[in-house]
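Inspection log for the structure reproduced underneath, given as C-alpha cells.
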Amino acid sequence: MNHPIFAANWKMNHGPSAARAFMKTFLTQYPRHYDRTVIFFPPAASIETVDRELENRPDILVGAQNIHWEDQGAFTGEISGPIARDAGATVVLVGHSERRHVFGETNEDTARKCAAAERAGLRPMLCVGEKLDEREAGKTKKVVVRQLRAGFSKLAQIDSFNPLVAYEPVWAIGTGRNATPDDASSIHGVIRAELRAIVGDRARAIPVLYGGSVNAGNAPSLLAASDVDGVLVGGASLDTGSWISIVRTRMTAEIPAGELASDE
Ligand code: 13P
C-alpha cells in the first residue's frame, strides 16, 4: 500500500474561529508523523486559517473543497484555482458527490476543474462513486470508470500529473452505511486498472482513498483492504477526538490478526 492518507472534508462546517480552535487542539495532540499524511479540506473562508497553523508540518496539507474551471473573471461566489493556491491550498476536491448531486456538476465540469487545478499547481482529488440505484442495477464499475476517464480527459500533462482519487459510493455518504472492505477493494481494483490504462505504471503511485461513513471503528479494516490508500472522512472529522482516533489508526502490520477481524 502507498503511504496512507487521512483526509478530512469539513464540508460547510468550521469557519475561521472554529477552524483555528480545532487546529490548535489537534496539533497539540498529533505530533509530526513520518508514515502518513493528513489533509484538511476546510470551507474556502478557513483555508488560510488552517494553513497558518501548519508551520513546520509537512505531514499535513490543506486543500480546497471546490474550484471554478476558469482562472478568474465575473463568477460571483466562486473561487478559482489560483485563489485557492494563494490562500495556501495545495490539493483540491473535484467532483465530490454533493457537487455532482446537489449542485448539478457534470463529468464535463469535473474535467474542466481538473484542468484548472493542473494550471494552478493544485493536485486534484477526483471523487467518483455510484448512486444506490446504479449500484442496484449492477452499474457501479461502469459509472466509476466513466467518471474517472472523463475527469482526467482534459489534462495537458497527463504524464507528469500527480492526482489523487477518492471512491465515495453515494449511498454510503453520511448514512452510517459504509462499504465493506471487500467491496471497497474490488472497486479500488477497478479504479487502479483504469488508471493504469490512462497513465501506465505510474498508476501504482496514485493514492486511491475510500470515503463514506468512515469512523474510528471501521477505519482500520478499510485501510487494511488491498488498494485502499487512505480515507476521506466527513462527519467523523469534525470533532477533534474522533478525528484524532482516526488519524492514529494503526496500519495492518501493527495489528494482530484477531484484533483486525473484530474491527469489521
Ligand atoms: P461522511 O464521512 O460523513 O459519510 O462523508 C463522506 C464524505 O462525503 C467525505 O467527502
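Every chain in the C-alpha cells takes a letter, A first, then B, and so on in the order presented; its residues are numbered from 1, and the ligands are numbered from 1 following the presented order.
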Hey, which bits of chain A sit within 8 Å of ligand 1, and for each residue what's the closest pair of atoms and how far apart in Å (one decimal), counting only C-alpha atoms and all ligand atoms, rows by chain and increasing number, as JSON lines?
```
{"residue": "A:Ala8", "atom": "CA", "partner": "ligand 1", "partner_atom_place_in_ligand_line": "9 (C)", "distance": 7.2}
{"residue": "A:Asn9", "atom": "CA", "partner": "ligand 1", "partner_atom_place_in_ligand_line": "10 (O)", "distance": 5.1}
{"residue": "A:Trp10", "atom": "CA", "partner": "ligand 1", "partner_atom_place_in_ligand_line": "9 (C)", "distance": 8.0}
{"residue": "A:Lys11", "atom": "CA", "partner": "ligand 1", "partner_atom_place_in_ligand_line": "10 (O)", "distance": 7.6}
{"residue": "A:His96", "atom": "CA", "partner": "ligand 1", "partner_atom_place_in_ligand_line": "10 (O)", "distance": 6.6}
{"residue": "A:Ser97", "atom": "CA", "partner": "ligand 1", "partner_atom_place_in_ligand_line": "8 (O)", "distance": 7.1}
{"residue": "A:Glu98", "atom": "CA", "partner": "ligand 1", "partner_atom_place_in_ligand_line": "8 (O)", "distance": 7.5}
{"residue": "A:Glu168", "atom": "CA", "partner": "ligand 1", "partner_atom_place_in_ligand_line": "8 (O)", "distance": 6.9}
{"residue": "A:Ala172", "atom": "CA", "partner": "ligand 1", "partner_atom_place_in_ligand_line": "4 (O)", "distance": 6.0}
{"residue": "A:Ile173", "atom": "CA", "partner": "ligand 1", "partner_atom_place_in_ligand_line": "4 (O)", "distance": 3.5}
{"residue": "A:Gly174", "atom": "CA", "partner": "ligand 1", "partner_atom_place_in_ligand_line": "4 (O)", "distance": 3.5}
{"residue": "A:Thr175", "atom": "CA", "partner": "ligand 1", "partner_atom_place_in_ligand_line": "4 (O)", "distance": 6.1}
{"residue": "A:Gly176", "atom": "CA", "partner": "ligand 1", "partner_atom_place_in_ligand_line": "4 (O)", "distance": 6.6}
{"residue": "A:Asn178", "atom": "CA", "partner": "ligand 1", "partner_atom_place_in_ligand_line": "4 (O)", "distance": 7.8}
{"residue": "A:Gly211", "atom": "CA", "partner": "ligand 1", "partner_atom_place_in_ligand_line": "6 (C)", "distance": 5.1}
{"residue": "A:Gly212", "atom": "CA", "partner": "ligand 1", "partner_atom_place_in_ligand_line": "4 (O)", "distance": 3.9}
{"residue": "A:Ser213", "atom": "CA", "partner": "ligand 1", "partner_atom_place_in_ligand_line": "4 (O)", "distance": 3.5}
{"residue": "A:Val214", "atom": "CA", "partner": "ligand 1", "partner_atom_place_in_ligand_line": "2 (O)", "distance": 5.1}
{"residue": "A:Asn215", "atom": "CA", "partner": "ligand 1", "partner_atom_place_in_ligand_line": "2 (O)", "distance": 7.3}
{"residue": "A:Leu232", "atom": "CA", "partner": "ligand 1", "partner_atom_place_in_ligand_line": "9 (C)", "distance": 5.1}
{"residue": "A:Val233", "atom": "CA", "partner": "ligand 1", "partner_atom_place_in_ligand_line": "2 (O)", "distance": 4.2}
{"residue": "A:Gly234", "atom": "CA", "partner": "ligand 1", "partner_atom_place_in_ligand_line": "2 (O)", "distance": 3.5}
{"residue": "A:Gly235", "atom": "CA", "partner": "ligand 1", "partner_atom_place_in_ligand_line": "3 (O)", "distance": 3.7}
{"residue": "A:Ala236", "atom": "CA", "partner": "ligand 1", "partner_atom_place_in_ligand_line": "2 (O)", "distance": 6.0}
{"residue": "A:Ser237", "atom": "CA", "partner": "ligand 1", "partner_atom_place_in_ligand_line": "2 (O)", "distance": 7.6}
```
Residues from the last selection, N, CA, C and O atoms, saved as a JSON list (two decimals), in the first residue's frame:
```json
[["chain", "number", "residue", "atom", "x", "y", "z"],
["A", 8, "ALA", "N", -9.72, 14.96, 5.74],
["A", 8, "ALA", "CA", -10.92, 15.44, 6.44],
["A", 8, "ALA", "C", -11.65, 16.42, 5.54],
["A", 8, "ALA", "O", -11.09, 17.45, 5.15],
["A", 9, "ASN", "N", -12.88, 16.08, 5.15],
["A", 9, "ASN", "CA", -13.70, 17.01, 4.38],
["A", 9, "ASN", "C", -14.70, 17.63, 5.34],
["A", 9, "ASN", "O", -15.67, 16.98, 5.74],
["A", 10, "TRP", "N", -14.45, 18.87, 5.71],
["A", 10, "TRP", "CA", -15.31, 19.54, 6.69],
["A", 10, "TRP", "C", -16.62, 20.04, 6.09],
["A", 10, "TRP", "O", -17.48, 20.55, 6.81],
["A", 11, "LYS", "N", -16.74, 19.96, 4.78],
["A", 11, "LYS", "CA", -17.96, 20.44, 4.10],
["A", 11, "LYS", "C", -18.30, 21.86, 4.57],
["A", 11, "LYS", "O", -17.38, 22.65, 4.75],
["A", 96, "HIS", "N", -16.89, 16.10, -5.95],
["A", 96, "HIS", "CA", -17.49, 15.45, -4.77],
["A", 96, "HIS", "C", -18.95, 15.16, -5.07],
["A", 96, "HIS", "O", -19.62, 15.92, -5.78],
["A", 97, "SER", "N", -19.49, 14.12, -4.48],
["A", 97, "SER", "CA", -20.87, 13.73, -4.83],
["A", 97, "SER", "C", -21.86, 14.85, -4.52],
["A", 97, "SER", "O", -22.87, 15.00, -5.22],
["A", 98, "GLU", "N", -21.58, 15.66, -3.48],
["A", 98, "GLU", "CA", -22.52, 16.75, -3.20],
["A", 98, "GLU", "C", -22.44, 17.82, -4.30],
["A", 98, "GLU", "O", -23.44, 18.47, -4.62],
["A", 168, "GLU", "N", -16.13, 7.27, -3.39],
["A", 168, "GLU", "CA", -17.15, 7.52, -2.37],
["A", 168, "GLU", "C", -18.50, 7.09, -2.90],
["A", 168, "GLU", "O", -19.17, 7.84, -3.62],
["A", 172, "ALA", "N", -23.28, 5.63, 0.69],
["A", 172, "ALA", "CA", -22.55, 5.47, 1.96],
["A", 172, "ALA", "C", -22.23, 6.81, 2.62],
["A", 172, "ALA", "O", -21.74, 6.83, 3.74],
["A", 173, "ILE", "N", -22.51, 7.91, 1.91],
["A", 173, "ILE", "CA", -22.09, 9.21, 2.44],
["A", 173, "ILE", "C", -23.11, 9.75, 3.45],
["A", 173, "ILE", "O", -24.28, 9.97, 3.11],
["A", 174, "GLY", "N", -22.66, 9.91, 4.68],
["A", 174, "GLY", "CA", -23.50, 10.49, 5.73],
["A", 174, "GLY", "C", -24.65, 9.59, 6.15],
["A", 174, "GLY", "O", -25.59, 10.05, 6.80],
["A", 175, "THR", "N", -24.59, 8.32, 5.80],
["A", 175, "THR", "CA", -25.71, 7.42, 6.08],
["A", 175, "THR", "C", -25.40, 6.45, 7.21],
["A", 175, "THR", "O", -26.29, 5.73, 7.67],
["A", 176, "GLY", "N", -24.12, 6.35, 7.60],
["A", 176, "GLY", "CA", -23.72, 5.37, 8.59],
["A", 176, "GLY", "C", -23.55, 3.99, 7.98],
["A", 176, "GLY", "O", -23.28, 3.01, 8.66],
["A", 178, "ASN", "N", -21.25, 2.07, 5.61],
["A", 178, "ASN", "CA", -20.03, 2.10, 4.81],
["A", 178, "ASN", "C", -19.93, 0.86, 3.91],
["A", 178, "ASN", "O", -20.55, -0.16, 4.20],
["A", 211, "GLY", "N", -14.15, 6.80, 0.83],
["A", 211, "GLY", "CA", -14.94, 7.71, 1.67],
["A", 211, "GLY", "C", -16.38, 7.25, 1.74],
["A", 211, "GLY", "O", -16.92, 6.67, 0.78],
["A", 212, "GLY", "N", -17.03, 7.52, 2.87],
["A", 212, "GLY", "CA", -18.44, 7.15, 3.06],
["A", 212, "GLY", "C", -18.62, 6.49, 4.40],
["A", 212, "GLY", "O", -18.30, 5.31, 4.57],
["A", 213, "SER", "N", -19.07, 7.30, 5.41],
["A", 213, "SER", "CA", -19.32, 6.79, 6.76],
["A", 213, "SER", "C", -18.10, 6.13, 7.40],
["A", 213, "SER", "O", -18.23, 5.14, 8.12],
["A", 214, "VAL", "N", -16.92, 6.69, 7.15],
["A", 214, "VAL", "CA", -15.72, 6.19, 7.82],
["A", 214, "VAL", "C", -15.71, 6.74, 9.25],
["A", 214, "VAL", "O", -16.04, 7.91, 9.48],
["A", 215, "ASN", "N", -15.34, 5.91, 10.20],
["A", 215, "ASN", "CA", -15.19, 6.34, 11.59],
["A", 215, "ASN", "C", -14.02, 5.59, 12.22],
["A", 215, "ASN", "O", -13.39, 4.76, 11.56],
["A", 232, "LEU", "N", -11.28, 9.30, 3.18],
["A", 232, "LEU", "CA", -11.79, 10.68, 3.07],
["A", 232, "LEU", "C", -13.02, 10.73, 3.97],
["A", 232, "LEU", "O", -14.00, 10.03, 3.73],
["A", 233, "VAL", "N", -12.92, 11.54, 5.02],
["A", 233, "VAL", "CA", -13.90, 11.46, 6.11],
["A", 233, "VAL", "C", -14.68, 12.75, 6.24],
["A", 233, "VAL", "O", -14.09, 13.84, 6.28],
["A", 234, "GLY", "N", -16.00, 12.64, 6.32],
["A", 234, "GLY", "CA", -16.85, 13.81, 6.53],
["A", 234, "GLY", "C", -17.16, 13.99, 8.00],
["A", 234, "GLY", "O", -16.37, 14.50, 8.79],
["A", 235, "GLY", "N", -18.35, 13.51, 8.42],
["A", 235, "GLY", "CA", -18.87, 13.73, 9.77],
["A", 235, "GLY", "C", -17.86, 13.45, 10.88],
["A", 235, "GLY", "O", -17.72, 14.25, 11.82],
["A", 236, "ALA", "N", -17.15, 12.33, 10.79],
["A", 236, "ALA", "CA", -16.26, 11.94, 11.90],
["A", 236, "ALA", "C", -14.96, 12.75, 11.92],
["A", 236, "ALA", "O", -14.12, 12.52, 12.79],
["A", 237, "SER", "N", -14.81, 13.68, 10.99],
["A", 237, "SER", "CA", -13.59, 14.53, 11.02],
["A", 237, "SER", "C", -13.87, 15.87, 11.70],
["A", 237, "SER", "O", -12.96, 16.69, 11.87]]
```
With a distance cut-off of 6 Å and only C-alpha atoms, select the neighbouring residues of range 181-189 of chain A, excluding the residue or stretch itself and same-chain residues fewer than 3 positions from it, and output the selection as a PDB file with N, CA, C and O atoms, in the first residue's frame.
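Contents of the output file selection11.pdb:
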```
ATOM      1  N   ARG A 192      -7.843   1.270 -10.102  1.00  0.00           N
ATOM      2  CA  ARG A 192      -6.392   1.134 -10.360  1.00  0.00           C
ATOM      3  C   ARG A 192      -6.152   0.649 -11.785  1.00  0.00           C
ATOM      4  O   ARG A 192      -5.270   1.135 -12.480  1.00  0.00           O
ATOM      5  N   LEU A 222     -10.902  -0.899   6.803  1.00  0.00           N
ATOM      6  CA  LEU A 222     -10.929  -0.316   5.456  1.00  0.00           C
ATOM      7  C   LEU A 222      -9.509  -0.044   4.969  1.00  0.00           C
ATOM      8  O   LEU A 222      -9.154  -0.316   3.825  1.00  0.00           O
ATOM      9  N   ALA A 225      -7.629  -3.012   3.649  1.00  0.00           N
ATOM     10  CA  ALA A 225      -8.104  -3.634   2.410  1.00  0.00           C
ATOM     11  C   ALA A 225      -7.148  -3.314   1.267  1.00  0.00           C
ATOM     12  O   ALA A 225      -6.598  -2.210   1.197  1.00  0.00           O
ATOM     13  N   SER A 226      -6.971  -4.252   0.351  1.00  0.00           N
ATOM     14  CA  SER A 226      -5.988  -4.030  -0.703  1.00  0.00           C
ATOM     15  C   SER A 226      -6.465  -2.909  -1.625  1.00  0.00           C
ATOM     16  O   SER A 226      -7.661  -2.741  -1.879  1.00  0.00           O
ATOM     17  N   ASP A 227      -5.505  -2.132  -2.091  1.00  0.00           N
ATOM     18  CA  ASP A 227      -5.744  -0.981  -2.978  1.00  0.00           C
ATOM     19  C   ASP A 227      -6.438   0.199  -2.303  1.00  0.00           C
ATOM     20  O   ASP A 227      -6.803   1.159  -2.971  1.00  0.00           O
TER      21      ASP A 227
END
```
Pick out the closest residue to Thr106 in chain A from this set: A:Gly81, A:Gly151, A:Pro124, A:Pro207. Count only C-alpha atoms.
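Nearest to Thr106 in chain A: A:Gly151.
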For the strand (DSSP E or B) assignment from backbone DSSP, which residues of range 29-235 of chain A qualify? Please present them as a PyMOL selection string.
chain A and resi 37-41+60-64+91-94+123-128+164-167+208-211+230-233
All residues 7 Å or closer to range 114-117 of chain A, only C-alpha atoms, same chain fewer than 2 positions away omitted, as a tab-separated table (two decimals) with N, CA, C and O atoms, in the first residue's frame:
```
chain	number	residue	atom	x	y	z
A	69	TRP	N	-13.77	26.38	-12.95
A	69	TRP	CA	-12.90	25.91	-14.03
A	69	TRP	C	-12.16	27.06	-14.74
A	69	TRP	O	-11.22	26.81	-15.47
A	70	GLU	N	-12.62	28.30	-14.50
A	70	GLU	CA	-11.88	29.44	-15.07
A	70	GLU	C	-10.90	29.95	-14.02
A	70	GLU	O	-11.11	29.77	-12.82
A	71	ASP	N	-9.85	30.64	-14.47
A	71	ASP	CA	-8.83	31.11	-13.53
A	71	ASP	C	-9.20	32.43	-12.86
A	71	ASP	O	-8.67	32.78	-11.81
A	81	GLY	N	-8.73	28.30	-8.97
A	81	GLY	CA	-7.53	27.57	-8.58
A	81	GLY	C	-6.45	28.51	-8.05
A	81	GLY	O	-5.91	28.28	-6.95
A	94	VAL	N	-12.37	17.50	-6.43
A	94	VAL	CA	-13.10	17.76	-7.67
A	94	VAL	C	-14.19	16.70	-7.81
A	94	VAL	O	-13.92	15.51	-7.65
A	110	THR	N	-16.16	18.34	-14.19
A	110	THR	CA	-15.02	17.82	-13.42
A	110	THR	C	-13.77	17.81	-14.29
A	110	THR	O	-12.67	18.06	-13.79
A	111	ALA	N	-13.92	17.53	-15.58
A	111	ALA	CA	-12.77	17.55	-16.48
A	111	ALA	C	-12.16	18.95	-16.53
A	111	ALA	O	-10.95	19.14	-16.45
A	112	ARG	N	-13.05	19.96	-16.65
A	112	ARG	CA	-12.54	21.34	-16.72
A	112	ARG	C	-11.91	21.76	-15.40
A	112	ARG	O	-10.94	22.51	-15.37
A	119	ARG	N	-3.44	23.71	-13.98
A	119	ARG	CA	-2.86	25.02	-14.33
A	119	ARG	C	-2.43	25.78	-13.08
A	119	ARG	O	-1.45	26.51	-13.09
A	120	ALA	N	-3.18	25.61	-11.98
A	120	ALA	CA	-2.91	26.37	-10.76
A	120	ALA	C	-1.87	25.68	-9.88
A	120	ALA	O	-1.49	26.22	-8.83
A	121	GLY	N	-1.41	24.51	-10.26
A	121	GLY	CA	-0.44	23.79	-9.43
A	121	GLY	C	-1.08	23.15	-8.21
A	121	GLY	O	-0.43	22.95	-7.19
A	122	LEU	N	-2.36	22.78	-8.34
A	122	LEU	CA	-3.07	22.08	-7.25
A	122	LEU	C	-3.22	20.62	-7.66
A	122	LEU	O	-3.53	20.32	-8.82
A	123	ARG	N	-3.04	19.70	-6.70
A	123	ARG	CA	-3.31	18.29	-7.00
A	123	ARG	C	-4.80	18.05	-6.86
A	123	ARG	O	-5.35	18.24	-5.78
A	124	PRO	N	-5.48	17.61	-7.92
A	124	PRO	CA	-6.91	17.32	-7.75
A	124	PRO	C	-7.11	15.96	-7.08
A	124	PRO	O	-6.37	15.02	-7.35
A	151	GLY	N	-13.05	12.74	-15.94
A	151	GLY	CA	-12.40	13.72	-15.06
A	151	GLY	C	-10.98	14.04	-15.48
A	151	GLY	O	-10.53	15.18	-15.36
A	152	PHE	N	-10.27	13.05	-15.98
A	152	PHE	CA	-8.85	13.27	-16.34
A	152	PHE	C	-8.67	13.52	-17.84
A	152	PHE	O	-7.55	13.52	-18.33
A	154	LYS	N	-9.07	16.15	-19.80
A	154	LYS	CA	-8.61	17.43	-20.36
A	154	LYS	C	-7.26	17.87	-19.80
A	154	LYS	O	-6.91	19.04	-19.85
A	155	LEU	N	-6.52	16.95	-19.24
A	155	LEU	CA	-5.23	17.33	-18.65
A	155	LEU	C	-4.20	17.53	-19.75
A	155	LEU	O	-4.13	16.76	-20.71
```
Hey, which of A:Ile191, A:Ile244, A:Ala45, A:Ile60 ends up closest to Phe22 in chain A? Count only C-alpha atoms.
A:Ile244
At what distance in Å, to one decimal, does CA of Phe41 in chain A lie from CA of Arg196 in chain A?
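That distance, rounded to one decimal, is 27.3 Å.
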Show me, as a CSV table (one decimal) with C-alpha atoms, in the first residue's frame, the residues that have an atom within 10 Å of Arg204 in chain A when counting only C-alpha atoms, minus same-chain residues fewer than 2 positions from it.
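This is the output file around_7.csv:
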```
chain,number,residue,atom,x,y,z
A,1,MET,CA,0.0,0.0,0.0
A,2,ASN,CA,1.1,3.6,-0.6
A,192,ARG,CA,-6.4,1.1,-10.4
A,193,ALA,CA,-6.8,-0.8,-13.6
A,195,LEU,CA,-5.6,4.4,-14.0
A,196,ARG,CA,-3.1,2.0,-15.5
A,199,VAL,CA,-1.0,6.6,-17.1
A,200,GLY,CA,0.7,3.2,-17.3
A,201,ASP,CA,2.8,2.0,-14.4
A,202,ARG,CA,2.6,5.4,-12.6
A,206,ILE,CA,-1.7,7.4,-7.4
A,207,PRO,CA,-3.4,7.2,-4.0
A,208,VAL,CA,-7.0,5.9,-4.1
A,227,ASP,CA,-5.7,-1.0,-3.0
```
Just checking: using only C-alpha atoms, which residue out of A:Pro4, A:Arg57, A:Thr140, A:Arg32 ends up closest to Ala219 in chain A?
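Between A:Pro4, A:Arg57, A:Thr140, A:Arg32, the residue approaching Ala219 in chain A most closely is A:Pro4.
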Run DSSP on the backbone and grab whatever in range 192-230 of chain A lands in helix (DSSP H, G or I); send it over as a PyMOL selection string.
chain A and resi 192-205+219-224
Could the residues in this selection be written to a file with N, CA, C and O atoms, as a compact mmCIF listing (two decimals), in the first residue's frame?
```
# COMPACT_ATOMS: atom_id res chain seq x y z
N ARG A 192 -7.84 1.27 -10.10
CA ARG A 192 -6.39 1.13 -10.36
C ARG A 192 -6.15 0.65 -11.78
O ARG A 192 -5.27 1.14 -12.48
N ALA A 193 -6.96 -0.31 -12.23
CA ALA A 193 -6.78 -0.84 -13.59
C ALA A 193 -7.05 0.26 -14.62
O ALA A 193 -6.34 0.40 -15.61
N GLU A 194 -8.07 1.06 -14.36
CA GLU A 194 -8.40 2.14 -15.29
C GLU A 194 -7.29 3.20 -15.29
O GLU A 194 -6.91 3.74 -16.33
N LEU A 195 -6.74 3.48 -14.11
CA LEU A 195 -5.63 4.44 -14.03
C LEU A 195 -4.43 3.92 -14.82
O LEU A 195 -3.73 4.67 -15.48
N ARG A 196 -4.22 2.61 -14.76
CA ARG A 196 -3.10 2.01 -15.50
C ARG A 196 -3.30 2.23 -17.00
O ARG A 196 -2.36 2.52 -17.73
N ALA A 197 -4.56 2.13 -17.43
CA ALA A 197 -4.84 2.35 -18.85
C ALA A 197 -4.57 3.81 -19.21
O ALA A 197 -4.22 4.13 -20.35
N ILE A 198 -4.72 4.71 -18.26
CA ILE A 198 -4.54 6.14 -18.56
C ILE A 198 -3.07 6.55 -18.43
O ILE A 198 -2.53 7.24 -19.29
N VAL A 199 -2.40 6.14 -17.35
CA VAL A 199 -1.03 6.64 -17.10
C VAL A 199 0.03 5.54 -17.01
O VAL A 199 1.17 5.81 -16.62
N GLY A 200 -0.33 4.31 -17.33
CA GLY A 200 0.66 3.22 -17.30
C GLY A 200 1.07 2.88 -15.88
O GLY A 200 0.28 2.99 -14.93
N ASP A 201 2.35 2.52 -15.72
CA ASP A 201 2.83 2.04 -14.42
C ASP A 201 2.73 3.05 -13.30
O ASP A 201 2.69 2.69 -12.13
N ARG A 202 2.67 4.33 -13.66
CA ARG A 202 2.56 5.37 -12.62
C ARG A 202 1.27 5.23 -11.82
O ARG A 202 1.13 5.80 -10.75
N ALA A 203 0.33 4.47 -12.35
CA ALA A 203 -0.95 4.28 -11.65
C ALA A 203 -0.75 3.75 -10.23
O ALA A 203 -1.52 4.06 -9.33
N ARG A 204 0.30 2.96 -10.07
CA ARG A 204 0.54 2.38 -8.75
C ARG A 204 0.78 3.44 -7.67
O ARG A 204 0.53 3.23 -6.50
N ALA A 205 1.32 4.58 -8.09
CA ALA A 205 1.67 5.63 -7.12
C ALA A 205 0.51 6.61 -6.88
O ALA A 205 0.64 7.52 -6.07
N ALA A 219 -12.28 2.37 10.29
CA ALA A 219 -11.09 2.81 9.54
C ALA A 219 -10.00 1.73 9.46
O ALA A 219 -9.43 1.51 8.38
N PRO A 220 -9.69 1.00 10.57
CA PRO A 220 -8.59 0.03 10.47
C PRO A 220 -8.84 -1.05 9.41
O PRO A 220 -7.95 -1.37 8.63
N SER A 221 -10.07 -1.58 9.36
CA SER A 221 -10.29 -2.66 8.40
C SER A 221 -10.37 -2.12 6.97
O SER A 221 -9.93 -2.77 6.03
N LEU A 222 -10.90 -0.90 6.80
CA LEU A 222 -10.93 -0.32 5.46
C LEU A 222 -9.51 -0.04 4.97
O LEU A 222 -9.15 -0.32 3.82
N LEU A 223 -8.66 0.48 5.87
CA LEU A 223 -7.29 0.80 5.48
C LEU A 223 -6.45 -0.45 5.24
O LEU A 223 -5.43 -0.40 4.56
N ALA A 224 -6.90 -1.58 5.81
CA ALA A 224 -6.16 -2.82 5.60
C ALA A 224 -6.56 -3.49 4.28
O ALA A 224 -5.90 -4.43 3.84
```
I'd like the interatomic distance between CA of Tyr210 in chain A and CA of Val228 in chain A, to a tenth of an Å.
6.5 Å
